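Peer 1: Below you'll find the structure I mean.
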Amino acid sequence: MNWRKLITGIYESRHQQPGIAGKPEFHPGTSAASIADAEAALNSAMPASLRSLLLETNGVMDMMAIDGGDWFESMWLLWKIEEVVEQNRFFRTAHEEGKYERDFSHLVFFAGARTDGILFAFPVVDGVCDSRVVVWHPIMDELDDLAPSLEEFLRGWLTSTISV
């Protein structure tokens, strides 16, 4: 799949608020070795969709411009591989230290909603990430199914047909 084309197409087709423009900013892809290192660090094989996206673009930043002004970084739509490892290690360590009851070794977080600490993840079953996307709501410590695939998550999240 051409992830850049898919994401750019979604941005171009979505309805924008008057005076607000948005576009994705893609980063150079990561290496297969970096993904393998991340999988080893997290003891979880990533889904094929996330692997192929990261090989094509190591993270996607949501860019915004208001009233024709300069573009600025709004939020990470999808984290870089380094951030995936850092965030997952943080939550797994926090669980081990007793800060959270939930065992995060059964999730691989890959992005956040940028509100209330809400995070998006792939569930891990027997050391392999499932292709479906779930959302973790930290305030209530609830985990809910969100989309059957990364592609459907992106379509829904970027067009606001999926919300949290």
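The way I read the labels, and the way they are meant: chains A, B, ... in the order of the structure tokens, residue 1 as the first residue of every chain, and ligand 1 as the first ligand shown, with later ones counted on from there.
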Mind checking which residues fall within 12 Å of Ile118 in chain A, counting only C-alpha atoms, ignoring those fewer than 4 positions away in the same chain, and posting them as a list in words?

Peer 2: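 Contacts, in chain order: Phe109, Phe110, Ala111, Gly112, Ala113, Arg114, Val134, Val135, Trp136, His137, Pro138, Ile139, Met140, Asp141, Glu142, Leu143, Asp144, Ser163 and Val164 of chain A.
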
Peer 1: Here is a test: counting only C-alpha atoms, which residue of A:Arg155, A:Glu82, A:Ser160, A:Met46 is nearest to Val108 in chain A?

Peer 2: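 Result for the nearest residue to Val108 in chain A: A:Met46.
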
Peer 1: Kindly indicate which residue among A:Leu54, A:Leu146, A:Leu107, A:Ala41 lies nearest to Trp3 in chain A, using only C-alpha atoms for the distances.

Peer 2: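 Of the candidates, the smallest distance to Trp3 in chain A is held by A:Leu54.
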
Peer 1: Among chain A, which residues does DSSP mark as strand (DSSP E) when it is run on the backbone? Keep the chain and numbering as in the structure and answer as a PyMOL selection string.

Peer 2: chain A and resi 20-28+57-66+72-78+107-112+119-125+128-129+133-137+142-147

Peer 1: Write out, as a compact mmCIF listing (two decimals), in the first residue's frame, the residues just selected, with C-alpha atoms.

Peer 2:
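What landed in again09.txt:
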# COMPACT_ATOMS: atom_id res chain seq x y z
CA ILE A 20 -8.18 26.28 8.81
CA ALA A 21 -6.03 24.21 6.47
CA GLY A 22 -4.44 20.87 7.23
CA LYS A 23 -1.89 18.65 5.57
CA PRO A 24 0.31 15.71 6.52
CA GLU A 25 4.07 16.01 6.88
CA PHE A 26 5.88 12.77 6.13
CA HIS A 27 9.29 11.80 7.42
CA PRO A 28 11.85 9.57 5.70
CA THR A 57 7.34 7.21 6.47
CA ASN A 58 8.76 7.14 9.97
CA GLY A 59 5.94 9.11 11.56
CA VAL A 60 3.31 11.46 10.21
CA MET A 61 2.86 14.96 11.61
CA ASP A 62 -0.46 16.77 11.25
CA MET A 63 0.30 20.29 10.01
CA MET A 64 -2.09 23.22 10.31
CA ALA A 65 -2.36 26.77 8.95
CA ILE A 66 -4.88 29.34 10.12
CA PHE A 72 2.78 24.71 12.17
CA GLU A 73 2.88 21.28 13.78
CA SER A 74 -0.50 20.41 15.24
CA MET A 75 0.11 16.86 16.52
CA TRP A 76 1.61 13.51 15.63
CA LEU A 77 -0.89 11.56 13.59
CA LEU A 78 1.40 8.51 13.86
CA LEU A 107 -0.65 -3.48 23.80
CA VAL A 108 1.60 -1.60 21.37
CA PHE A 109 0.73 2.08 21.39
CA PHE A 110 1.40 3.94 18.13
CA ALA A 111 -0.36 7.32 18.48
CA GLY A 112 -2.31 9.54 20.84
CA LEU A 119 -3.82 6.44 23.24
CA PHE A 120 -4.29 4.21 20.20
CA ALA A 121 -2.79 0.73 20.13
CA PHE A 122 -2.68 -2.68 18.55
CA PRO A 123 -3.55 -5.53 20.92
CA VAL A 124 -0.81 -8.14 21.34
CA VAL A 125 -1.74 -11.83 21.29
CA VAL A 128 2.12 -10.67 17.76
CA CYS A 129 0.13 -7.49 17.23
CA VAL A 133 -6.88 -0.80 16.49
CA VAL A 134 -8.04 -0.22 20.05
CA VAL A 135 -8.26 2.92 22.15
CA TRP A 136 -7.19 3.18 25.78
CA HIS A 137 -8.97 5.75 27.96
CA GLU A 142 -11.02 1.31 29.62
CA LEU A 143 -9.95 -0.38 26.42
CA ASP A 144 -12.34 -0.34 23.44
CA ASP A 145 -12.20 -1.62 19.87
CA LEU A 146 -11.96 1.29 17.45
CA ALA A 147 -11.24 0.04 13.93

Peer 1: I'd like to know which of A:Ala36, A:Leu55, A:Leu50, A:Ile81 is closest to Arg132 in chain A, using only C-alpha atoms.

Peer 2: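 Under the stated criterion, the closest residue is A:Leu50.
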
Peer 1: For CA of Glu152 in chain A and CA of Leu6 in chain A, quote the distance in Å rounded to one decimal.

Peer 2: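 Computing the Euclidean distance for CA of Glu152 in chain A and CA of Leu6 in chain A yields 10.9 Å.
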